[in-house]
$ cat model.cif   # mmCIF, C-alpha atoms and all ligand atoms
data_start
#
loop_
_atom_site.label_atom_id
_atom_site.label_comp_id
_atom_site.auth_asym_id
_atom_site.auth_seq_id
_atom_site.Cartn_x
_atom_site.Cartn_y
_atom_site.Cartn_z
CA MET A 1 -11.42 4.93 20.77
CA GLN A 2 -12.14 1.32 19.96
CA GLU A 3 -10.81 -1.80 21.65
CA ALA A 4 -8.01 -3.26 19.55
CA GLN A 5 -7.92 -6.73 18.05
CA PHE A 6 -4.86 -8.98 18.30
CA TYR A 7 -3.32 -8.39 21.72
CA LYS A 8 -2.74 -10.27 24.96
CA THR A 9 -2.80 -8.93 28.49
CA HIS A 10 0.02 -10.06 30.78
CA SER A 11 0.60 -9.61 34.49
CA ASN A 12 0.62 -6.05 35.91
CA LYS A 13 -1.83 -5.02 33.16
CA ARG A 14 0.88 -5.01 30.52
CA ALA A 15 -0.43 -5.65 27.02
CA LYS A 16 1.43 -7.28 24.16
CA CYS A 17 0.27 -6.04 20.75
CA LEU A 18 0.18 -8.82 18.15
CA LEU A 19 -0.79 -6.68 15.18
CA CYS A 20 2.61 -5.99 13.64
CA PRO A 21 6.10 -7.49 13.92
CA HIS A 22 7.26 -4.79 16.35
CA ALA A 23 5.43 -6.89 19.01
CA CYS A 24 5.28 -3.99 21.46
CA ILE A 25 4.84 -4.75 25.13
CA ILE A 26 2.88 -1.78 26.42
CA GLU A 27 2.65 -0.66 30.04
CA GLU A 28 -0.59 0.78 31.39
CA ASN A 29 -1.28 4.34 30.13
CA ASN A 30 1.41 3.99 27.46
CA ALA A 31 1.37 3.50 23.69
CA GLY A 32 3.25 1.18 21.36
CA LYS A 33 5.88 2.26 18.84
CA CYS A 34 3.18 3.51 16.48
CA ASN A 35 1.88 5.77 19.27
CA ILE A 36 -1.62 4.75 18.14
CA ARG A 37 -2.42 1.64 20.18
CA ILE A 38 -2.67 2.53 23.83
CA ASN A 39 -3.07 0.53 27.03
CA LYS A 40 -5.87 1.59 29.37
CA ASP A 41 -6.35 -0.59 32.43
CA GLY A 42 -4.79 -3.62 30.70
CA LYS A 43 -6.90 -3.29 27.54
CA LEU A 44 -5.48 -2.14 24.24
CA TYR A 45 -7.32 0.56 22.28
CA SER A 46 -6.95 2.05 18.83
CA LYS A 47 -6.71 5.83 19.23
CA ASN A 48 -7.40 6.70 15.57
CA TYR A 49 -10.57 4.62 15.13
CA GLY A 50 -13.06 6.71 13.12
CA LYS A 51 -10.64 9.65 12.84
CA ALA A 52 -10.60 10.26 9.10
CA THR A 53 -8.14 12.76 7.64
CA GLY A 54 -9.24 12.23 4.04
CA LEU A 55 -12.29 10.79 2.27
CA HIS A 56 -12.83 11.38 -1.42
CA ALA A 57 -13.11 9.64 -4.79
CA GLU A 58 -10.12 9.69 -7.13
CA PRO A 59 -8.73 7.65 -10.04
CA VAL A 60 -7.68 4.17 -8.92
CA GLU A 61 -4.41 4.79 -10.81
CA LYS A 62 -3.42 7.30 -8.10
CA LYS A 63 -2.96 4.55 -5.49
CA PRO A 64 -1.08 3.39 -7.70
CA LEU A 65 -3.10 0.44 -9.00
CA TYR A 66 -2.81 0.01 -12.77
CA HIS A 67 -4.34 -3.44 -13.23
CA PHE A 68 -7.26 -3.02 -10.81
CA TYR A 69 -10.48 -1.66 -12.34
CA PRO A 70 -8.46 0.57 -14.73
CA GLY A 71 -10.00 3.94 -15.50
CA GLN A 72 -12.47 3.80 -12.61
CA GLN A 73 -12.77 5.92 -9.49
CA ILE A 74 -12.12 4.61 -5.98
CA VAL A 75 -13.10 6.25 -2.72
CA SER A 76 -9.96 6.74 -0.64
CA VAL A 77 -9.99 6.94 3.13
CA GLY A 78 -7.16 7.43 5.60
CA THR A 79 -6.58 8.41 9.22
CA TYR A 80 -3.21 9.24 10.80
CA GLY A 81 -0.18 7.41 12.19
CA CYS A 82 2.15 4.68 11.03
CA ASN A 83 4.10 1.74 12.44
CA LEU A 84 7.20 2.75 10.43
CA ARG A 85 9.37 5.84 10.76
CA CYS A 86 10.66 6.40 7.23
CA ASP A 87 13.06 9.34 7.09
CA PHE A 88 11.94 9.95 3.50
CA CYS A 89 8.16 9.66 4.10
CA GLN A 90 6.35 11.38 1.23
CA ASN A 91 3.19 11.65 3.30
CA TYR A 92 4.56 12.54 6.74
CA HIS A 93 1.88 15.13 7.56
CA MET A 94 -0.52 12.26 8.02
CA SER A 95 1.77 9.36 8.87
CA GLN A 96 3.61 11.19 11.65
CA ALA A 97 0.73 13.45 12.76
CA HIS A 98 0.32 11.51 15.99
CA VAL A 99 3.72 12.77 17.15
CA HIS A 100 2.09 16.21 17.49
CA ASN A 101 -1.71 15.90 17.71
CA ASP A 102 -4.70 14.84 15.67
CA PHE A 103 -6.34 18.24 15.25
CA PHE A 104 -7.14 17.86 11.57
CA SER A 105 -9.04 14.56 11.73
CA ASN A 106 -12.84 14.28 11.66
CA ASP A 107 -15.05 11.74 13.42
CA ILE A 108 -16.60 9.81 10.54
CA SER A 109 -18.66 6.69 11.15
CA THR A 110 -18.08 3.57 9.06
CA ASP A 111 -21.62 3.93 7.63
CA ARG A 112 -20.83 7.47 6.47
CA VAL A 113 -17.62 6.24 4.78
CA VAL A 114 -19.48 3.46 2.98
CA LYS A 115 -22.17 5.91 1.85
CA GLN A 116 -19.46 7.79 -0.04
CA VAL A 117 -18.85 4.68 -2.16
CA LEU A 118 -22.56 4.14 -2.79
CA ASN A 119 -22.96 7.79 -3.88
CA SER A 120 -19.90 8.03 -6.16
CA SER A 121 -20.32 7.39 -9.86
CA GLU A 122 -18.06 5.02 -11.82
CA CYS A 123 -16.64 3.88 -8.50
CA CYS A 124 -15.24 0.35 -8.04
CA GLY A 125 -15.03 0.53 -4.24
CA MET A 126 -12.87 1.67 -1.37
CA ALA A 127 -9.13 2.16 -0.91
CA TYR A 128 -7.49 2.17 2.54
CA THR A 129 -4.61 4.55 1.95
CA PHE A 130 -2.94 7.94 2.70
CA ASN A 131 -1.41 6.72 5.98
CA GLU A 132 -0.63 3.11 6.98
CA PRO A 133 -3.93 1.16 7.26
CA VAL A 134 -2.37 -1.45 9.56
CA VAL A 135 -2.50 1.09 12.40
CA TRP A 136 -6.23 1.63 11.91
CA TYR A 137 -6.91 -2.04 11.43
CA GLU A 138 -10.27 -2.14 13.27
CA TYR A 139 -11.75 0.84 11.40
CA MET A 140 -10.55 -0.59 8.08
CA LEU A 141 -11.94 -4.05 8.80
CA GLU A 142 -15.37 -2.71 9.76
CA ILE A 143 -15.59 -0.51 6.64
CA ALA A 144 -14.28 -3.29 4.37
CA GLU A 145 -16.95 -5.71 5.57
CA LYS A 146 -19.72 -3.20 4.77
CA VAL A 147 -18.21 -2.31 1.39
CA LYS A 148 -18.02 -5.99 0.49
CA ASN A 149 -21.60 -6.62 1.61
CA ASN A 150 -22.70 -3.86 -0.77
CA GLY A 151 -20.98 -5.60 -3.68
CA PHE A 152 -17.98 -3.25 -4.05
CA ALA A 153 -14.25 -3.98 -4.07
CA ASN A 154 -11.67 -3.21 -1.37
CA ALA A 155 -8.05 -2.22 -1.99
CA VAL A 156 -5.28 -1.75 0.58
CA VAL A 157 -2.16 0.39 0.08
CA SER A 158 0.28 -0.65 2.76
CA ASN A 159 3.88 -1.06 3.88
CA GLY A 160 3.11 -4.76 4.45
CA TYR A 161 4.45 -4.67 8.03
CA ILE A 162 1.75 -6.81 9.60
CA ASN A 163 1.68 -10.17 11.38
CA PRO A 164 0.37 -13.26 9.57
CA LYS A 165 -2.83 -13.73 11.65
CA PRO A 166 -4.25 -10.20 11.22
CA LEU A 167 -3.21 -10.36 7.57
CA GLU A 168 -5.14 -13.62 7.06
CA LYS A 169 -8.27 -12.07 8.57
CA LEU A 170 -7.92 -8.95 6.42
CA ILE A 171 -7.24 -10.83 3.18
CA ASN A 172 -10.70 -12.41 3.29
CA LEU A 173 -12.21 -8.98 2.66
CA ILE A 174 -9.66 -7.47 0.28
CA ASP A 175 -9.61 -7.70 -3.52
CA GLY A 176 -6.38 -5.87 -4.27
CA PHE A 177 -3.17 -4.74 -2.57
CA ASN A 178 -0.39 -2.35 -3.42
CA ILE A 179 2.52 -3.14 -1.10
CA ASP A 180 5.52 -0.87 -0.70
CA LEU A 181 8.77 -2.75 -1.01
CA LYS A 182 11.03 0.06 0.13
CA ALA A 183 14.37 -1.61 -0.59
CA PHE A 184 15.82 -5.09 -0.69
CA THR A 185 18.26 -5.03 2.23
CA ASP A 186 17.55 -5.37 5.90
CA ASP A 187 20.14 -2.64 6.56
CA PHE A 188 18.06 -0.12 4.62
CA TYR A 189 14.88 -1.11 6.46
CA ARG A 190 16.52 -0.87 9.89
CA LYS A 191 18.35 2.38 9.18
CA TYR A 192 15.72 4.40 7.35
CA THR A 193 12.34 2.90 8.33
CA GLY A 194 12.77 1.46 11.82
CA ALA A 195 11.47 -1.91 10.60
CA THR A 196 12.86 -5.08 8.98
CA LEU A 197 12.60 -6.55 5.50
CA GLU A 198 11.62 -10.19 6.08
CA PRO A 199 8.04 -9.59 7.35
CA VAL A 200 7.31 -7.50 4.25
CA LYS A 201 8.53 -10.31 1.96
CA LYS A 202 6.36 -12.73 3.93
CA THR A 203 3.30 -10.49 3.48
CA LEU A 204 3.92 -10.30 -0.28
CA LYS A 205 4.22 -14.08 -0.55
CA THR A 206 1.07 -14.63 1.52
CA ILE A 207 -0.99 -12.29 -0.66
CA ARG A 208 0.32 -14.00 -3.79
CA SER A 209 -0.41 -17.47 -2.36
CA LYS A 210 -4.05 -16.44 -1.78
CA ASN A 211 -4.35 -15.33 -5.39
CA ILE A 212 -5.38 -11.80 -4.45
CA HIS A 213 -4.56 -8.98 -6.88
CA LEU A 214 -1.12 -7.60 -6.01
CA GLU A 215 0.96 -4.67 -7.23
CA VAL A 216 4.28 -3.55 -5.75
CA THR A 217 5.74 -0.05 -5.36
CA ASN A 218 9.45 0.69 -4.96
CA LEU A 219 10.45 4.31 -4.23
CA ILE A 220 13.92 4.85 -5.70
CA ILE A 221 16.17 7.10 -3.57
CA PRO A 222 19.52 8.09 -5.13
CA GLY A 223 22.48 6.45 -3.41
CA LEU A 224 20.34 4.58 -0.90
CA ASN A 225 18.46 1.88 -2.79
CA ASP A 226 19.43 2.25 -6.46
CA ASP A 227 22.40 -0.13 -6.45
CA ILE A 228 22.01 -2.15 -9.65
CA LYS A 229 23.17 -5.47 -8.19
CA ILE A 230 20.73 -5.30 -5.26
CA PHE A 231 18.00 -3.99 -7.56
CA LYS A 232 18.46 -7.03 -9.84
CA THR A 233 18.27 -9.34 -6.81
CA MET A 234 14.95 -7.72 -5.90
CA ILE A 235 13.59 -8.05 -9.44
CA ASN A 236 14.60 -11.74 -9.58
CA TRP A 237 12.89 -12.33 -6.25
CA ILE A 238 9.67 -10.64 -7.43
CA ALA A 239 9.70 -12.66 -10.67
CA ASP A 240 10.39 -15.98 -8.89
CA GLU A 241 8.24 -15.58 -5.77
CA LEU A 242 5.39 -13.31 -6.92
CA GLY A 243 5.40 -14.00 -10.64
CA PRO A 244 6.53 -12.00 -13.70
CA GLN A 245 2.97 -10.70 -14.19
CA THR A 246 3.13 -8.71 -10.93
CA PRO A 247 2.91 -4.99 -11.81
CA LEU A 248 5.84 -3.02 -10.36
CA HIS A 249 5.78 0.78 -9.89
CA LEU A 250 9.21 2.44 -9.73
CA SER A 251 8.51 5.73 -8.09
CA ARG A 252 10.61 8.89 -8.20
CA TYR A 253 11.61 10.24 -4.78
CA PHE A 254 11.47 13.93 -3.83
CA PRO A 255 13.05 15.41 -0.67
CA SER A 256 10.60 15.11 2.19
CA TYR A 257 10.42 14.88 5.99
CA LYS A 258 13.96 14.23 7.32
CA MET A 259 15.64 13.53 3.99
CA ASN A 260 17.09 16.23 1.76
CA ILE A 261 18.93 14.17 -0.87
CA ALA A 262 18.20 15.64 -4.34
CA PRO A 263 15.26 14.12 -6.30
CA THR A 264 15.85 10.90 -8.22
CA PRO A 265 17.11 11.70 -11.74
CA ILE A 266 14.48 10.68 -14.28
CA LYS A 267 17.11 8.76 -16.23
CA THR A 268 17.68 6.51 -13.16
CA ILE A 269 14.00 5.55 -13.11
CA VAL A 270 13.97 4.97 -16.86
CA SER A 271 17.10 2.78 -16.84
CA LEU A 272 16.00 0.75 -13.78
CA ARG A 273 12.71 0.16 -15.54
CA GLU A 274 14.55 -1.28 -18.52
CA ILE A 275 16.51 -3.62 -16.26
CA ALA A 276 13.32 -4.74 -14.50
CA MET A 277 11.57 -5.36 -17.83
CA ASP A 278 14.06 -8.21 -18.48
CA LYS A 279 12.16 -10.28 -15.87
CA LEU A 280 8.81 -8.55 -15.27
CA TYR A 281 6.08 -7.91 -17.84
CA PHE A 282 4.59 -4.73 -16.37
CA VAL A 283 6.93 -2.10 -14.92
CA TYR A 284 5.72 1.48 -14.56
CA CYS A 285 7.38 4.82 -13.80
CA GLY A 286 5.79 6.78 -10.94
CA ASN A 287 6.05 10.55 -10.32
CA VAL A 288 7.44 10.92 -13.83
CA SER A 289 5.69 12.52 -16.84
CA SER A 290 4.13 9.97 -19.20
CA SER A 291 6.24 11.52 -21.98
CA TYR A 292 9.19 9.45 -20.65
CA GLY A 293 7.29 6.19 -21.20
CA GLY A 294 6.42 3.65 -18.54
CA SER A 295 2.77 4.70 -18.13
CA ASP A 296 0.96 2.50 -20.63
CA THR A 297 0.17 -1.19 -20.38
CA VAL A 298 1.50 -3.14 -23.33
CA CYS A 299 0.64 -6.77 -24.06
CA PRO A 300 3.83 -8.75 -23.34
CA LYS A 301 3.02 -11.23 -26.13
CA CYS A 302 1.98 -9.17 -29.18
CA LYS A 303 3.10 -5.69 -27.94
CA THR A 304 -0.31 -4.09 -28.53
CA LYS A 305 -0.96 -1.08 -26.29
CA VAL A 306 -3.94 -2.24 -24.24
CA ILE A 307 -4.24 0.63 -21.74
CA GLU A 308 -3.04 4.17 -22.35
CA ARG A 309 -2.46 6.59 -19.47
CA ALA A 310 -1.61 10.29 -19.33
CA ASN A 311 -2.02 12.59 -16.30
CA TYR A 312 -4.43 10.23 -14.56
CA LYS A 313 -6.57 9.91 -17.65
CA THR A 314 -6.86 6.25 -18.55
CA TYR A 315 -8.03 4.80 -21.84
CA VAL A 316 -8.73 1.08 -21.92
CA LYS A 317 -8.28 0.31 -25.59
CA ASN A 318 -7.64 -3.30 -26.40
CA LEU A 319 -8.83 -5.37 -23.49
CA ASN A 320 -11.88 -7.59 -23.32
CA PHE A 321 -14.02 -8.14 -20.22
CA GLU A 322 -11.85 -11.07 -19.07
CA GLY A 323 -8.76 -8.83 -19.11
CA ASN A 324 -7.37 -10.48 -22.25
CA CYS A 325 -5.62 -8.66 -25.08
CA ASN A 326 -8.07 -8.13 -27.96
CA GLN A 327 -5.37 -8.92 -30.52
CA CYS A 328 -3.80 -12.15 -29.22
CA ASN A 329 -6.05 -13.11 -26.28
CA TYR A 330 -3.11 -13.02 -23.81
CA ASN A 331 -4.32 -12.55 -20.22
CA ILE A 332 -3.02 -9.20 -18.93
CA ALA A 333 -4.00 -9.92 -15.30
CA VAL A 334 -6.44 -7.07 -14.85
CA SER A 335 -9.06 -7.32 -12.08
S1 LIG B 401 0.72 -1.92 15.76
FE1 LIG B 401 1.75 -0.37 17.02
S2 LIG B 401 1.55 -1.12 19.13
FE2 LIG B 401 1.11 -2.84 17.77
S3 LIG B 401 3.06 -3.93 17.58
FE3 LIG B 401 2.90 -2.50 15.83
S4 LIG B 401 3.90 -0.61 16.50
FE4 LIG B 401 3.54 -1.84 18.33
#

$ encode --input "model.cif" --output "structure tokens"
Amino acid sequence: MQEAQFYKTHSNKRAKCLLCPHACIIEENNAGKCNIRINKDGKLYSKNYGKATGLHAEPVEKKPLYHFYPGQQIVSVGTYGCNLRCDFCQNYHMSQAHVHNDFFSNDISTDRVVKQVLNSSECCGMAYTFNEPVVWYEYMLEIAEKVKNNGFANAVVSNGYINPKPLEKLINLIDGFNIDLKAFTDDFYRKYTGATLEPVKKTLKTIRSKNIHLEVTNLIIPGLNDDIKIFKTMINWIADELGPQTPLHLSRYFPSYKMNIAPTPIKTIVSLREIAMDKLYFVYCGNVSSSYGGSDTVCPKCKTKVIERANYKTYVKNLNFEGNCNQCNYNIAVS
């Protein structure tokens, strides 16, 4: 266990966690909503510090990050736990593992994690992923600092449910984010995730304002968040607040955890992508075969295919080192 950052101790040894917007007030010998940050004698500790459940190199496109070192490998690390309770979680074995126990995690030092980056070939850096990195903030921060000092990049895949101060501290070390925007109504967030929408929008705007690479993922669940009117409101908001160059991944849902609604029809993903392409330049289909389209990166100006993707094989074809289209010199916004 490691002492947590971002908390205050009140009277009677109660601790208030300031890491995420849940703002848990935690009695001695109890844990916050995430069941990860626990109060011992008035001090808050992170229970999953150093408890890795996965550590391996994989294509950066798997995160998904399509405009961040395309075609390269990234070492991915995760622990267990989450500050959200999504009924449809596609990764619940890790995210909700704390509800049962942590038997499958390994104690892995931050130096050992960083070594994996140094020893991997064609590797751009480290991704904090698999389960929600906000709930292993201290472990992530320590690794990210070492990765950065060795000249590699850091990428965070997150639900964006974090308070502004810890986010500001984290941003200084991070080169790219993929943030899950699960829906565009507060009702959805409250009912199916146990969180709220506004803090996630705030996180997205903060990352954009700092000019850090940003991609957004939206998991489409039939009947729950595929309403066209609300979807268009979300797309307009992304275009206006984050910019039309922000890559958006529309991901196909499959039944998982507590949700047994049938999988998203592929035609829903394809038609929502077309709607989104009215405002955004780069919209991709996730969990859908590349034969349906929506995998390649096409220059929005001259329509040249600049990156081709199929089954996690990526071919950078018409991009120069500055991330500009070889044909018309348009900047594709690739890190
Ligand atoms: S990180 Fe955990 S303990 Fe802290 S406020 Fe969020 S849910 Fe509560």

$ atom_distance --input "model.cif" --atom1 "atom CA of Asn149 of chain A" --atom2 "atom CA of Glu122 of chain A"
18.1 Å

$ atom_distance --input "model.cif" --atom1 "atom CA of Ile220 of chain A" --atom2 "atom CA of Gly176 of chain A"
23.0 Å

$ residues_around --input "model.cif" --residues "Tyr7 of chain A" --least-positions-apart "6" --cutoff "6 Å" --atoms "only C-alpha atoms" --output "list of chain:residue names"
A:Lys16, A:Cys17, A:Leu18

$ write_last_selection --input "model.cif" --atoms "C-alpha atoms" --output "mmCIF file, in the coordinates of the input"
data_model
loop_
_atom_site.group_PDB
_atom_site.id
_atom_site.type_symbol
_atom_site.label_atom_id
_atom_site.label_comp_id
_atom_site.auth_asym_id
_atom_site.auth_seq_id
_atom_site.Cartn_x
_atom_site.Cartn_y
_atom_site.Cartn_z
ATOM 1 C CA LYS A 16 1.430 -7.280 24.160
ATOM 2 C CA CYS A 17 0.270 -6.040 20.750
ATOM 3 C CA LEU A 18 0.180 -8.820 18.150
#

$ closest_atom_pairs --input "model.cif" --of "chain A" --to "ligand LIG 401 (chain B)" --cutoff "7 Å" --atoms "only C-alpha atoms and all ligand atoms" --output "JSON lines"
{"residue": "A:Cys17", "atom": "CA", "partner": "B:LIG401", "partner_atom": "FE2", "distance": 4.5}
{"residue": "A:Leu18", "atom": "CA", "partner": "B:LIG401", "partner_atom": "S3", "distance": 5.7}
{"residue": "A:Leu19", "atom": "CA", "partner": "B:LIG401", "partner_atom": "FE2", "distance": 5.0}
{"residue": "A:Cys20", "atom": "CA", "partner": "B:LIG401", "partner_atom": "FE3", "distance": 4.1}
{"residue": "A:Pro21", "atom": "CA", "partner": "B:LIG401", "partner_atom": "S3", "distance": 5.9}
{"residue": "A:His22", "atom": "CA", "partner": "B:LIG401", "partner_atom": "S3", "distance": 4.5}
{"residue": "A:Ala23", "atom": "CA", "partner": "B:LIG401", "partner_atom": "S3", "distance": 4.1}
{"residue": "A:Cys24", "atom": "CA", "partner": "B:LIG401", "partner_atom": "FE4", "distance": 4.2}
{"residue": "A:Ala31", "atom": "CA", "partner": "B:LIG401", "partner_atom": "S2", "distance": 6.5}
{"residue": "A:Gly32", "atom": "CA", "partner": "B:LIG401", "partner_atom": "S2", "distance": 3.6}
{"residue": "A:Lys33", "atom": "CA", "partner": "B:LIG401", "partner_atom": "S4", "distance": 4.2}
{"residue": "A:Cys34", "atom": "CA", "partner": "B:LIG401", "partner_atom": "FE1", "distance": 4.2}
{"residue": "A:Asn35", "atom": "CA", "partner": "B:LIG401", "partner_atom": "FE1", "distance": 6.5}
{"residue": "A:Ile36", "atom": "CA", "partner": "B:LIG401", "partner_atom": "FE1", "distance": 6.2}
{"residue": "A:Arg37", "atom": "CA", "partner": "B:LIG401", "partner_atom": "S2", "distance": 4.9}
{"residue": "A:Asn83", "atom": "CA", "partner": "B:LIG401", "partner_atom": "S4", "distance": 4.7}
{"residue": "A:Val134", "atom": "CA", "partner": "B:LIG401", "partner_atom": "S1", "distance": 6.9}
{"residue": "A:Val135", "atom": "CA", "partner": "B:LIG401", "partner_atom": "S1", "distance": 5.5}

$ atom_distance --input "model.cif" --atom1 "atom CA of Pro222 of chain A" --atom2 "atom CA of Ala239 of chain A"
23.6 Å

$ residues_around --input "model.cif" --residues "segment 301-304 of chain A" --least-positions-apart "5" --cutoff "9 Å" --atoms "all atoms listed in the file" --output "list of chain:residue names"
A:Asn318, A:Cys325, A:Asn326, A:Gln327, A:Cys328, A:Tyr330

$ residues_around --input "model.cif" --residues "Phe282 of chain A" --least-positions-apart "4" --cutoff "7 Å" --atoms "all atoms listed in the file" --output "ChimeraX atom specification"
/A:245-248,297
